[in-house]
Amino acid sequence: MGILPDSVRTLSRAELAHLNGRRPLLRRAISWTIGIVFFGLCLAVVLASLHAQSGLTATVLGIATGFVVLGIVVPVFLWLDRFEPEPWGMLLFAFLWGACVATVGAALLNDIGGYLIGATAENNAPVAVFVAPPVEEALKGLALILLIVFRRKEIDGIVDGMVYAGLCAAGFAFVEDIVYLANGYADSGEEGLFGTFIVRVLMSPFAHPMFTICIGIGVGIAATSRGFAMRVLPPLMGFVCAVMLHMGWNALAILAEEGWLLTYVLVQVPLFCAFVALLVIARRRESARIGEQLSGYVDSSWLSPPEVRMLASMSERRYARAWAKSHGGKTLELQMEQFQDIASELAMLRARINHGDHGPDSFAREHKLLEALWMLRRPFLGTPLYRHYEWTPIGRPPMRTPLR
């Protein structure tokens with residue numbers, strides 16, 4: 001059986017916005033305007049400070065080489081976010097908060113903290129170890145707190161918290177590296193720029209994300225938990241862990257100035273390996289979670305076993321999109337992408353419902369998602385797309401509330 005032409009239909013932007021509960025256009029336009037002005041002012045302060053401190057040439061070189069950090073770090077967190085992509089506006093907010101707001105706040109508060117503890121320009125090690133870590137992690141973590149307060153329903157668990165935390169930290173690291181790179185060039189020319197680039201950009205691009213994802217994990221737990229304690233304690237514990245890691249990292253960098261390479265190999269590389277393992281485990285858990293939640297829709301015939309197997313595997317998702325493109329072009333590929341994204345949204349919503357953490361409109365939204373899912377899956381029914389035919393429920397959870 002082939003693809004029926006009348007079954008090929010993608011959702012419009014307006015339909016997707018309605019399904020995802022996006023705010024009205026006017027409110028979004030006002031929010032974007034306020035955000036552009038606010039972040040623009042913060043960015044202007046950062047650039048003016050850099051220019052005054054290091055000069056135009058050093059600033060331009062610092063920015064140019066600092067972009068390498070983004071090319072290394074940002075794709076990793078977008079990869080982590082692939083199963084259930086977050087709204088790009090919120091991802092941009094997290095990044096800009098780290099790059100513009102957290103950096104400006106940290107520059108001011110670190111100077112105040114250094115003054116209060118009597119640190120000098122010649123001896124700023126106490127600032128690096130005891131002032132900068134709590135200040136910088138608090139400012140980065142504030143972005144996550146704002147997200148959980150105002151857009152809590154968009155944070156569906158630990159992975160989402162890690163993604164927002166990682167991008168916020170990437171923004172902060174991007175600007176901080178620009179400062180160090182520009183200063184390195186201003187102080188020692190090309191040699192200083194190259195040395196700083198090797199140490200900060202190539203050898204430790206994930207330092208700040210490694211610290212801040214601790215807060216992201218806590219926020220992810222809080223966003224999907226009930227009870228005051230579980231919504232307060234995990235973010236606080238994540239903040240403490242982030243500060244301790246940050247303090248330890250800076251202390252080692254200062255104490256091991258002579259044997260920094262040995263310290264890097266014995267301490268910092270294993271930390272990075274643990275960080276990578278954590279990202280891989282988190283993504284696998286996300287995959288399993290989607291499979292578990294969607295399995296509950298098989299008995300009611302909203303989905304078939306092969307579809308659930310495909311939706312719970314990133315490699316099978318890629319294969320399905322490629323198959324759709326080869327058999328129906330860009331339009332059918334987009335329909336498959338929308339089918340996969342709606343299925344992920346549905347899985348996360350069902351997880352909240354099963355957990356008892358849902359609002360009064362959750363069941364109505366679930367049925368809207370199911371109706372969209374049913375329409376989007378039609379072209380692929382009865383085709384040789386799905387490669388898994390043996391069916392074992394993927395840890396299927398009980399449906400606490402019957403579908404209505």
# chains A, B, ... in the order shown; residues from 1 in each chain; ligands from 1
>>> residues_around(residues="Val60 of chain A", least_positions_apart="2", cutoff="10 Å", atoms="only C-alpha atoms", output="list in words")
Leu47, Leu50, His51, Ser54, Gly55, Leu56, Thr57, Ala58, Gly62, Ile63, Ala64, Thr65, Gly66, Ile178, Leu181 and Ala182 of chain A
>>> residues_around(residues="Ser362 of chain A", least_positions_apart="3", cutoff="12 Å", atoms="only C-alpha atoms", output="ChimeraX atom specification")
/A:19-21,153,345-346,348-354,356-359,365-369,401,403-404
>>> atom_distance(atom1="atom CA of Leu80 of chain A", atom2="atom CA of Ala207 of chain A")
17.3 Å
>>> atom_distance(atom1="atom CA of Gly218 of chain A", atom2="atom CA of Val149 of chain A")
14.0 Å
>>> closest_residue(among="A:Trp374, A:Ser12, A:Val179, A:Ala222", to="Leu193 of chain A", atoms="only C-alpha atoms")
A:Val179
>>> select_by_dssp(residues="segment 102-309 of chain A", states="helix (DSSP H, G or I)", output="PDB file with C-alpha atoms, in the first residue's frame")
ATOM      1  CA  ALA A 102      25.053  37.175  34.061  1.00  0.00           C
ATOM      2  CA  THR A 103      28.370  38.519  32.753  1.00  0.00           C
ATOM      3  CA  VAL A 104      27.537  42.155  33.530  1.00  0.00           C
ATOM      4  CA  GLY A 105      26.242  41.224  36.984  1.00  0.00           C
ATOM      5  CA  ALA A 106      29.267  39.030  37.697  1.00  0.00           C
ATOM      6  CA  ALA A 107      31.740  41.773  36.711  1.00  0.00           C
ATOM      7  CA  LEU A 108      30.077  44.184  39.125  1.00  0.00           C
ATOM      8  CA  LEU A 109      29.494  41.800  42.029  1.00  0.00           C
ATOM      9  CA  ASN A 110      32.926  40.160  41.772  1.00  0.00           C
ATOM     10  CA  ASP A 111      34.554  43.596  42.091  1.00  0.00           C
ATOM     11  CA  ILE A 112      32.365  44.413  45.098  1.00  0.00           C
ATOM     12  CA  GLY A 113      33.158  41.040  46.670  1.00  0.00           C
ATOM     13  CA  GLY A 114      36.875  41.510  46.078  1.00  0.00           C
ATOM     14  CA  TYR A 115      36.754  44.915  47.710  1.00  0.00           C
ATOM     15  CA  LEU A 116      34.908  43.537  50.744  1.00  0.00           C
ATOM     16  CA  ALA A 125      43.050  34.471  43.929  1.00  0.00           C
ATOM     17  CA  PRO A 126      40.545  34.809  46.829  1.00  0.00           C
ATOM     18  CA  VAL A 127      38.064  36.378  44.403  1.00  0.00           C
ATOM     19  CA  ALA A 128      38.500  33.519  41.909  1.00  0.00           C
ATOM     20  CA  VAL A 129      37.987  30.859  44.570  1.00  0.00           C
ATOM     21  CA  PHE A 130      35.572  32.339  47.113  1.00  0.00           C
ATOM     22  CA  VAL A 131      33.672  35.136  45.362  1.00  0.00           C
ATOM     23  CA  ALA A 132      33.311  34.315  41.667  1.00  0.00           C
ATOM     24  CA  PRO A 133      31.836  30.777  41.987  1.00  0.00           C
ATOM     25  CA  PRO A 134      28.791  31.642  44.151  1.00  0.00           C
ATOM     26  CA  VAL A 135      28.205  34.938  42.329  1.00  0.00           C
ATOM     27  CA  GLU A 136      28.435  33.506  38.824  1.00  0.00           C
ATOM     28  CA  GLU A 137      26.451  30.335  39.546  1.00  0.00           C
ATOM     29  CA  ALA A 138      23.733  32.352  41.270  1.00  0.00           C
ATOM     30  CA  LEU A 139      23.420  34.700  38.292  1.00  0.00           C
ATOM     31  CA  LYS A 140      23.309  31.835  35.793  1.00  0.00           C
ATOM     32  CA  GLY A 141      20.907  29.907  37.983  1.00  0.00           C
ATOM     33  CA  LEU A 142      18.588  32.923  38.149  1.00  0.00           C
ATOM     34  CA  ALA A 143      17.720  32.363  34.468  1.00  0.00           C
ATOM     35  CA  LEU A 144      16.525  28.848  35.307  1.00  0.00           C
ATOM     36  CA  ILE A 145      14.512  30.117  38.259  1.00  0.00           C
ATOM     37  CA  LEU A 146      12.793  32.652  36.000  1.00  0.00           C
ATOM     38  CA  LEU A 147      11.966  29.891  33.525  1.00  0.00           C
ATOM     39  CA  ILE A 148      10.528  27.595  36.176  1.00  0.00           C
ATOM     40  CA  VAL A 149       8.442  30.436  37.637  1.00  0.00           C
ATOM     41  CA  PHE A 150       7.042  31.813  34.380  1.00  0.00           C
ATOM     42  CA  ARG A 152       7.243  25.822  34.180  1.00  0.00           C
ATOM     43  CA  LYS A 153       5.131  23.696  31.826  1.00  0.00           C
ATOM     44  CA  GLU A 154       7.918  23.843  29.229  1.00  0.00           C
ATOM     45  CA  ILE A 158      16.072  16.741  34.019  1.00  0.00           C
ATOM     46  CA  VAL A 159      17.064  16.856  30.347  1.00  0.00           C
ATOM     47  CA  ASP A 160      15.243  20.156  29.777  1.00  0.00           C
ATOM     48  CA  GLY A 161      16.871  21.637  32.880  1.00  0.00           C
ATOM     49  CA  MET A 162      20.295  20.525  31.655  1.00  0.00           C
ATOM     50  CA  VAL A 163      19.687  22.018  28.202  1.00  0.00           C
ATOM     51  CA  TYR A 164      18.681  25.449  29.529  1.00  0.00           C
ATOM     52  CA  ALA A 165      21.512  25.425  32.080  1.00  0.00           C
ATOM     53  CA  GLY A 166      24.058  24.376  29.471  1.00  0.00           C
ATOM     54  CA  LEU A 167      23.071  27.075  26.995  1.00  0.00           C
ATOM     55  CA  CYS A 168      23.021  29.741  29.711  1.00  0.00           C
ATOM     56  CA  ALA A 169      26.517  28.657  30.795  1.00  0.00           C
ATOM     57  CA  ALA A 170      27.637  28.575  27.138  1.00  0.00           C
ATOM     58  CA  GLY A 171      26.597  32.217  26.759  1.00  0.00           C
ATOM     59  CA  PHE A 172      28.470  33.156  29.920  1.00  0.00           C
ATOM     60  CA  ALA A 173      31.595  31.227  28.869  1.00  0.00           C
ATOM     61  CA  PHE A 174      31.465  32.815  25.403  1.00  0.00           C
ATOM     62  CA  VAL A 175      31.683  36.357  26.765  1.00  0.00           C
ATOM     63  CA  GLU A 176      34.116  35.466  29.557  1.00  0.00           C
ATOM     64  CA  ASP A 177      36.453  33.834  27.030  1.00  0.00           C
ATOM     65  CA  ILE A 178      36.244  36.928  24.825  1.00  0.00           C
ATOM     66  CA  VAL A 179      37.398  39.008  27.805  1.00  0.00           C
ATOM     67  CA  TYR A 180      40.366  36.709  28.491  1.00  0.00           C
ATOM     68  CA  LEU A 181      41.269  36.418  24.804  1.00  0.00           C
ATOM     69  CA  ALA A 182      41.147  40.196  24.310  1.00  0.00           C
ATOM     70  CA  ASN A 183      43.224  40.759  27.444  1.00  0.00           C
ATOM     71  CA  GLY A 184      45.710  38.114  26.315  1.00  0.00           C
ATOM     72  CA  TYR A 185      46.209  39.914  23.003  1.00  0.00           C
ATOM     73  CA  ALA A 186      46.361  43.355  24.648  1.00  0.00           C
ATOM     74  CA  ASP A 187      49.006  42.156  27.133  1.00  0.00           C
ATOM     75  CA  SER A 188      51.166  39.816  25.043  1.00  0.00           C
ATOM     76  CA  GLY A 189      50.092  40.135  21.434  1.00  0.00           C
ATOM     77  CA  GLU A 190      49.520  37.081  19.240  1.00  0.00           C
ATOM     78  CA  GLU A 191      51.366  34.804  21.649  1.00  0.00           C
ATOM     79  CA  GLY A 192      49.047  35.766  24.510  1.00  0.00           C
ATOM     80  CA  LEU A 193      45.992  35.333  22.295  1.00  0.00           C
ATOM     81  CA  PHE A 194      47.113  31.889  21.112  1.00  0.00           C
ATOM     82  CA  GLY A 195      48.004  30.663  24.620  1.00  0.00           C
ATOM     83  CA  THR A 196      44.674  31.805  26.030  1.00  0.00           C
ATOM     84  CA  PHE A 197      42.841  30.217  23.103  1.00  0.00           C
ATOM     85  CA  ILE A 198      44.489  26.842  23.725  1.00  0.00           C
ATOM     86  CA  VAL A 199      43.877  26.810  27.490  1.00  0.00           C
ATOM     87  CA  ARG A 200      40.383  28.299  27.687  1.00  0.00           C
ATOM     88  CA  VAL A 201      38.734  27.514  24.343  1.00  0.00           C
ATOM     89  CA  LEU A 202      40.203  24.182  23.268  1.00  0.00           C
ATOM     90  CA  ALA A 207      33.907  24.115  32.265  1.00  0.00           C
ATOM     91  CA  HIS A 208      30.977  26.470  32.911  1.00  0.00           C
ATOM     92  CA  PRO A 209      28.346  24.080  31.500  1.00  0.00           C
ATOM     93  CA  MET A 210      29.708  21.316  33.759  1.00  0.00           C
ATOM     94  CA  PHE A 211      29.100  23.501  36.802  1.00  0.00           C
ATOM     95  CA  THR A 212      25.727  24.932  35.876  1.00  0.00           C
ATOM     96  CA  ILE A 213      24.023  21.707  34.749  1.00  0.00           C
ATOM     97  CA  CYS A 214      23.986  20.775  38.442  1.00  0.00           C
ATOM     98  CA  ILE A 215      21.466  23.589  38.911  1.00  0.00           C
ATOM     99  CA  GLY A 216      19.675  22.471  35.752  1.00  0.00           C
ATOM    100  CA  ILE A 217      19.237  18.964  37.134  1.00  0.00           C
ATOM    101  CA  GLY A 218      17.776  20.391  40.337  1.00  0.00           C
ATOM    102  CA  VAL A 219      15.418  22.657  38.390  1.00  0.00           C
ATOM    103  CA  GLY A 220      14.340  19.734  36.185  1.00  0.00           C
ATOM    104  CA  ILE A 221      13.448  17.711  39.280  1.00  0.00           C
ATOM    105  CA  ALA A 222      11.619  20.646  40.849  1.00  0.00           C
ATOM    106  CA  ALA A 223       9.586  21.342  37.699  1.00  0.00           C
ATOM    107  CA  PHE A 228       7.164  22.517  48.604  1.00  0.00           C
ATOM    108  CA  ALA A 229      10.271  20.589  49.681  1.00  0.00           C
ATOM    109  CA  MET A 230      10.803  18.884  46.315  1.00  0.00           C
ATOM    110  CA  ARG A 231      10.377  22.175  44.493  1.00  0.00           C
ATOM    111  CA  VAL A 232      12.894  24.036  46.654  1.00  0.00           C
ATOM    112  CA  LEU A 233      15.557  21.595  47.841  1.00  0.00           C
ATOM    113  CA  PRO A 234      16.754  20.134  44.486  1.00  0.00           C
ATOM    114  CA  PRO A 235      17.617  23.547  42.960  1.00  0.00           C
ATOM    115  CA  LEU A 236      19.375  24.574  46.182  1.00  0.00           C
ATOM    116  CA  MET A 237      21.360  21.331  46.259  1.00  0.00           C
ATOM    117  CA  GLY A 238      22.216  21.801  42.577  1.00  0.00           C
ATOM    118  CA  PHE A 239      23.430  25.323  43.305  1.00  0.00           C
ATOM    119  CA  VAL A 240      25.672  24.091  46.138  1.00  0.00           C
ATOM    120  CA  CYS A 241      27.133  21.374  43.882  1.00  0.00           C
ATOM    121  CA  ALA A 242      27.738  23.900  41.084  1.00  0.00           C
ATOM    122  CA  VAL A 243      29.514  26.300  43.453  1.00  0.00           C
ATOM    123  CA  MET A 244      31.682  23.552  44.951  1.00  0.00           C
ATOM    124  CA  LEU A 245      32.717  22.280  41.498  1.00  0.00           C
ATOM    125  CA  HIS A 246      33.453  25.833  40.369  1.00  0.00           C
ATOM    126  CA  MET A 247      35.486  26.563  43.507  1.00  0.00           C
ATOM    127  CA  GLY A 248      37.454  23.340  43.141  1.00  0.00           C
ATOM    128  CA  TRP A 249      38.170  23.990  39.459  1.00  0.00           C
ATOM    129  CA  ASN A 250      39.442  27.518  40.104  1.00  0.00           C
ATOM    130  CA  ALA A 251      41.459  26.459  43.160  1.00  0.00           C
ATOM    131  CA  LEU A 252      43.195  23.698  41.197  1.00  0.00           C
ATOM    132  CA  ALA A 253      43.984  26.123  38.374  1.00  0.00           C
ATOM    133  CA  ILE A 254      45.651  28.485  40.865  1.00  0.00           C
ATOM    134  CA  LEU A 255      47.440  25.907  43.055  1.00  0.00           C
ATOM    135  CA  TRP A 260      48.811  22.435  35.421  1.00  0.00           C
ATOM    136  CA  LEU A 261      49.078  19.893  32.598  1.00  0.00           C
ATOM    137  CA  LEU A 262      49.280  16.970  35.043  1.00  0.00           C
ATOM    138  CA  THR A 263      46.324  18.363  36.981  1.00  0.00           C
ATOM    139  CA  TYR A 264      44.405  18.771  33.733  1.00  0.00           C
ATOM    140  CA  VAL A 265      44.995  15.131  32.750  1.00  0.00           C
ATOM    141  CA  LEU A 266      44.383  13.600  36.191  1.00  0.00           C
ATOM    142  CA  VAL A 267      41.454  15.748  37.383  1.00  0.00           C
ATOM    143  CA  GLN A 268      39.855  17.871  34.714  1.00  0.00           C
ATOM    144  CA  VAL A 269      39.775  15.262  31.933  1.00  0.00           C
ATOM    145  CA  PRO A 270      38.054  12.653  34.173  1.00  0.00           C
ATOM    146  CA  LEU A 271      35.529  15.334  35.205  1.00  0.00           C
ATOM    147  CA  PHE A 272      34.829  16.023  31.553  1.00  0.00           C
ATOM    148  CA  CYS A 273      34.410  12.289  30.855  1.00  0.00           C
ATOM    149  CA  ALA A 274      31.908  12.061  33.717  1.00  0.00           C
ATOM    150  CA  PHE A 275      30.084  15.066  32.258  1.00  0.00           C
ATOM    151  CA  VAL A 276      29.850  13.394  28.825  1.00  0.00           C
ATOM    152  CA  ALA A 277      28.640  10.150  30.411  1.00  0.00           C
ATOM    153  CA  LEU A 278      25.953  12.104  32.272  1.00  0.00           C
ATOM    154  CA  LEU A 279      24.716  13.670  29.019  1.00  0.00           C
ATOM    155  CA  VAL A 280      24.557  10.282  27.283  1.00  0.00           C
ATOM    156  CA  ILE A 281      22.715   8.671  30.206  1.00  0.00           C
ATOM    157  CA  ALA A 282      20.255  11.576  30.383  1.00  0.00           C
ATOM    158  CA  ARG A 283      19.448  11.274  26.684  1.00  0.00           C
ATOM    159  CA  ARG A 284      18.959   7.514  26.943  1.00  0.00           C
ATOM    160  CA  ARG A 285      16.619   8.011  29.885  1.00  0.00           C
ATOM    161  CA  GLU A 286      14.675  10.537  27.804  1.00  0.00           C
ATOM    162  CA  SER A 287      14.368   7.951  25.031  1.00  0.00           C
ATOM    163  CA  ALA A 288      13.146   5.293  27.458  1.00  0.00           C
ATOM    164  CA  ARG A 289      10.711   7.727  29.054  1.00  0.00           C
ATOM    165  CA  ILE A 290       9.124   8.571  25.704  1.00  0.00           C
ATOM    166  CA  GLY A 291       8.777   4.876  24.885  1.00  0.00           C
ATOM    167  CA  GLU A 292       7.216   4.103  28.264  1.00  0.00           C
ATOM    168  CA  GLN A 293       4.628   6.856  28.050  1.00  0.00           C
ATOM    169  CA  LEU A 294       3.651   6.256  24.413  1.00  0.00           C
ATOM    170  CA  SER A 295       3.277   2.515  25.036  1.00  0.00           C
ATOM    171  CA  PRO A 305       3.874  -0.919  18.354  1.00  0.00           C
ATOM    172  CA  PRO A 306       6.227  -0.172  15.416  1.00  0.00           C
ATOM    173  CA  GLU A 307       5.430   3.537  15.692  1.00  0.00           C
ATOM    174  CA  VAL A 308       6.299   3.570  19.392  1.00  0.00           C
ATOM    175  CA  ARG A 309       9.565   1.773  18.684  1.00  0.00           C
TER     176      ARG A 309
END
>>> residues_around(residues="Arg378 of chain A", least_positions_apart="2", cutoff="12 Å", atoms="only C-alpha atoms", output="list in words")
Gly2, Ile3, Leu4, Pro5, Asp6, Ser7, Val8, Arg9, Thr10, Trp302, Leu303, Ser304, Glu307, Leu332, Gln335, Met336, Phe339, Glu371, Ala372, Leu373, Trp374, Met375, Leu376, Phe380, Leu381, Gly382 and Thr383 of chain A
>>> atom_distance(atom1="atom CA of Ala320 of chain A", atom2="atom CA of Pro384 of chain A")
10.5 Å
>>> residues_around(residues="Leu41 of chain A", least_positions_apart="6", cutoff="12 Å", atoms="only C-alpha atoms", output="NGL selection string")
:A and (34-35 or 47-48 or 96 or 100-101 or 104)
>>> closest_residue(among="A:Lys330, A:Arg226, A:His355, A:Lys325", to="Leu385 of chain A", atoms="only C-alpha atoms")
A:Lys325
>>> decode(residues="segment 63-94 of chain A", atoms="N, CA and C atoms", output="mmCIF file, in the first residue's frame")
data_model
loop_
_atom_site.group_PDB
_atom_site.id
_atom_site.type_symbol
_atom_site.label_atom_id
_atom_site.label_comp_id
_atom_site.auth_asym_id
_atom_site.auth_seq_id
_atom_site.Cartn_x
_atom_site.Cartn_y
_atom_site.Cartn_z
ATOM 1 N N ILE A 63 36.421 38.341 20.039
ATOM 2 C CA ILE A 63 35.091 37.890 19.599
ATOM 3 C C ILE A 63 35.220 36.823 18.514
ATOM 4 N N ALA A 64 36.107 37.058 17.564
ATOM 5 C CA ALA A 64 36.273 36.113 16.448
ATOM 6 C C ALA A 64 36.708 34.741 16.942
ATOM 7 N N THR A 65 37.686 34.705 17.837
ATOM 8 C CA THR A 65 38.169 33.409 18.343
ATOM 9 C C THR A 65 37.209 32.818 19.376
ATOM 10 N N GLY A 66 36.473 33.673 20.076
ATOM 11 C CA GLY A 66 35.521 33.186 21.069
ATOM 12 C C GLY A 66 34.370 32.414 20.462
ATOM 13 N N PHE A 67 34.052 32.671 19.192
ATOM 14 C CA PHE A 67 32.954 31.957 18.536
ATOM 15 C C PHE A 67 33.231 30.461 18.434
ATOM 16 N N VAL A 68 34.499 30.070 18.524
ATOM 17 C CA VAL A 68 34.828 28.638 18.488
ATOM 18 C C VAL A 68 34.143 27.913 19.640
ATOM 19 N N VAL A 69 34.045 28.565 20.790
ATOM 20 C CA VAL A 69 33.382 27.951 21.949
ATOM 21 C C VAL A 69 31.945 27.586 21.605
ATOM 22 N N LEU A 70 31.252 28.504 20.936
ATOM 23 C CA LEU A 70 29.858 28.240 20.572
ATOM 24 C C LEU A 70 29.762 27.056 19.623
ATOM 25 N N GLY A 71 30.702 26.965 18.696
ATOM 26 C CA GLY A 71 30.685 25.853 17.749
ATOM 27 C C GLY A 71 30.946 24.514 18.399
ATOM 28 N N ILE A 72 31.584 24.524 19.587
ATOM 29 C CA ILE A 72 31.856 23.282 20.304
ATOM 30 C C ILE A 72 30.725 22.942 21.265
ATOM 31 N N VAL A 73 30.277 23.921 22.033
ATOM 32 C CA VAL A 73 29.367 23.656 23.156
ATOM 33 C C VAL A 73 27.900 23.610 22.747
ATOM 34 N N VAL A 74 27.449 24.598 21.991
ATOM 35 C CA VAL A 74 26.017 24.704 21.673
ATOM 36 C C VAL A 74 25.488 23.468 20.953
ATOM 37 N N PRO A 75 26.177 22.919 19.928
ATOM 38 C CA PRO A 75 25.645 21.712 19.273
ATOM 39 C C PRO A 75 25.453 20.540 20.219
ATOM 40 N N VAL A 76 26.275 20.427 21.251
ATOM 41 C CA VAL A 76 26.135 19.323 22.200
ATOM 42 C C VAL A 76 24.795 19.402 22.927
ATOM 43 N N PHE A 77 24.423 20.596 23.358
ATOM 44 C CA PHE A 77 23.161 20.736 24.090
ATOM 45 C C PHE A 77 21.950 20.701 23.156
ATOM 46 N N LEU A 78 22.117 21.105 21.909
ATOM 47 C CA LEU A 78 21.039 20.927 20.941
ATOM 48 C C LEU A 78 20.855 19.444 20.628
ATOM 49 N N TRP A 79 21.941 18.684 20.610
ATOM 50 C CA TRP A 79 21.859 17.224 20.456
ATOM 51 C C TRP A 79 21.103 16.606 21.625
ATOM 52 N N LEU A 80 21.407 17.061 22.828
ATOM 53 C CA LEU A 80 20.723 16.554 24.016
ATOM 54 C C LEU A 80 19.229 16.870 23.966
ATOM 55 N N ASP A 81 18.874 17.966 23.315
ATOM 56 C CA ASP A 81 17.493 18.444 23.275
ATOM 57 C C ASP A 81 16.712 17.875 22.096
ATOM 58 N N ARG A 82 17.272 16.942 21.360
ATOM 59 C CA ARG A 82 16.688 16.543 20.083
ATOM 60 C C ARG A 82 15.372 15.783 20.226
ATOM 61 N N PHE A 83 15.194 14.971 21.266
ATOM 62 C CA PHE A 83 13.978 14.162 21.382
ATOM 63 C C PHE A 83 12.729 15.024 21.546
ATOM 64 N N GLU A 84 12.824 16.013 22.404
ATOM 65 C CA GLU A 84 11.667 16.877 22.658
ATOM 66 C C GLU A 84 12.158 18.321 22.635
ATOM 67 N N PRO A 85 12.330 18.892 21.427
ATOM 68 C CA PRO A 85 12.958 20.213 21.306
ATOM 69 C C PRO A 85 12.206 21.293 22.073
ATOM 70 N N GLU A 86 12.968 22.117 22.773
ATOM 71 C CA GLU A 86 12.391 23.236 23.517
ATOM 72 C C GLU A 86 12.132 24.414 22.577
ATOM 73 N N PRO A 87 11.210 25.308 22.933
ATOM 74 C CA PRO A 87 10.964 26.496 22.105
ATOM 75 C C PRO A 87 12.247 27.292 21.911
ATOM 76 N N TRP A 88 12.539 27.626 20.676
ATOM 77 C CA TRP A 88 13.834 28.260 20.412
ATOM 78 C C TRP A 88 13.926 29.634 21.072
ATOM 79 N N GLY A 89 12.783 30.292 21.277
ATOM 80 C CA GLY A 89 12.814 31.581 21.967
ATOM 81 C C GLY A 89 13.299 31.447 23.397
ATOM 82 N N MET A 90 12.903 30.350 24.075
ATOM 83 C CA MET A 90 13.349 30.126 25.446
ATOM 84 C C MET A 90 14.825 29.728 25.484
ATOM 85 N N LEU A 91 15.258 28.959 24.494
ATOM 86 C CA LEU A 91 16.679 28.608 24.409
ATOM 87 C C LEU A 91 17.522 29.865 24.198
ATOM 88 N N LEU A 92 17.030 30.755 23.336
ATOM 89 C CA LEU A 92 17.749 32.009 23.087
ATOM 90 C C LEU A 92 17.775 32.868 24.341
ATOM 91 N N PHE A 93 16.660 32.881 25.089
ATOM 92 C CA PHE A 93 16.624 33.633 26.346
ATOM 93 C C PHE A 93 17.705 33.131 27.302
ATOM 94 N N ALA A 94 17.807 31.816 27.453
ATOM 95 C CA ALA A 94 18.805 31.253 28.366
ATOM 96 C C ALA A 94 20.211 31.638 27.940
#
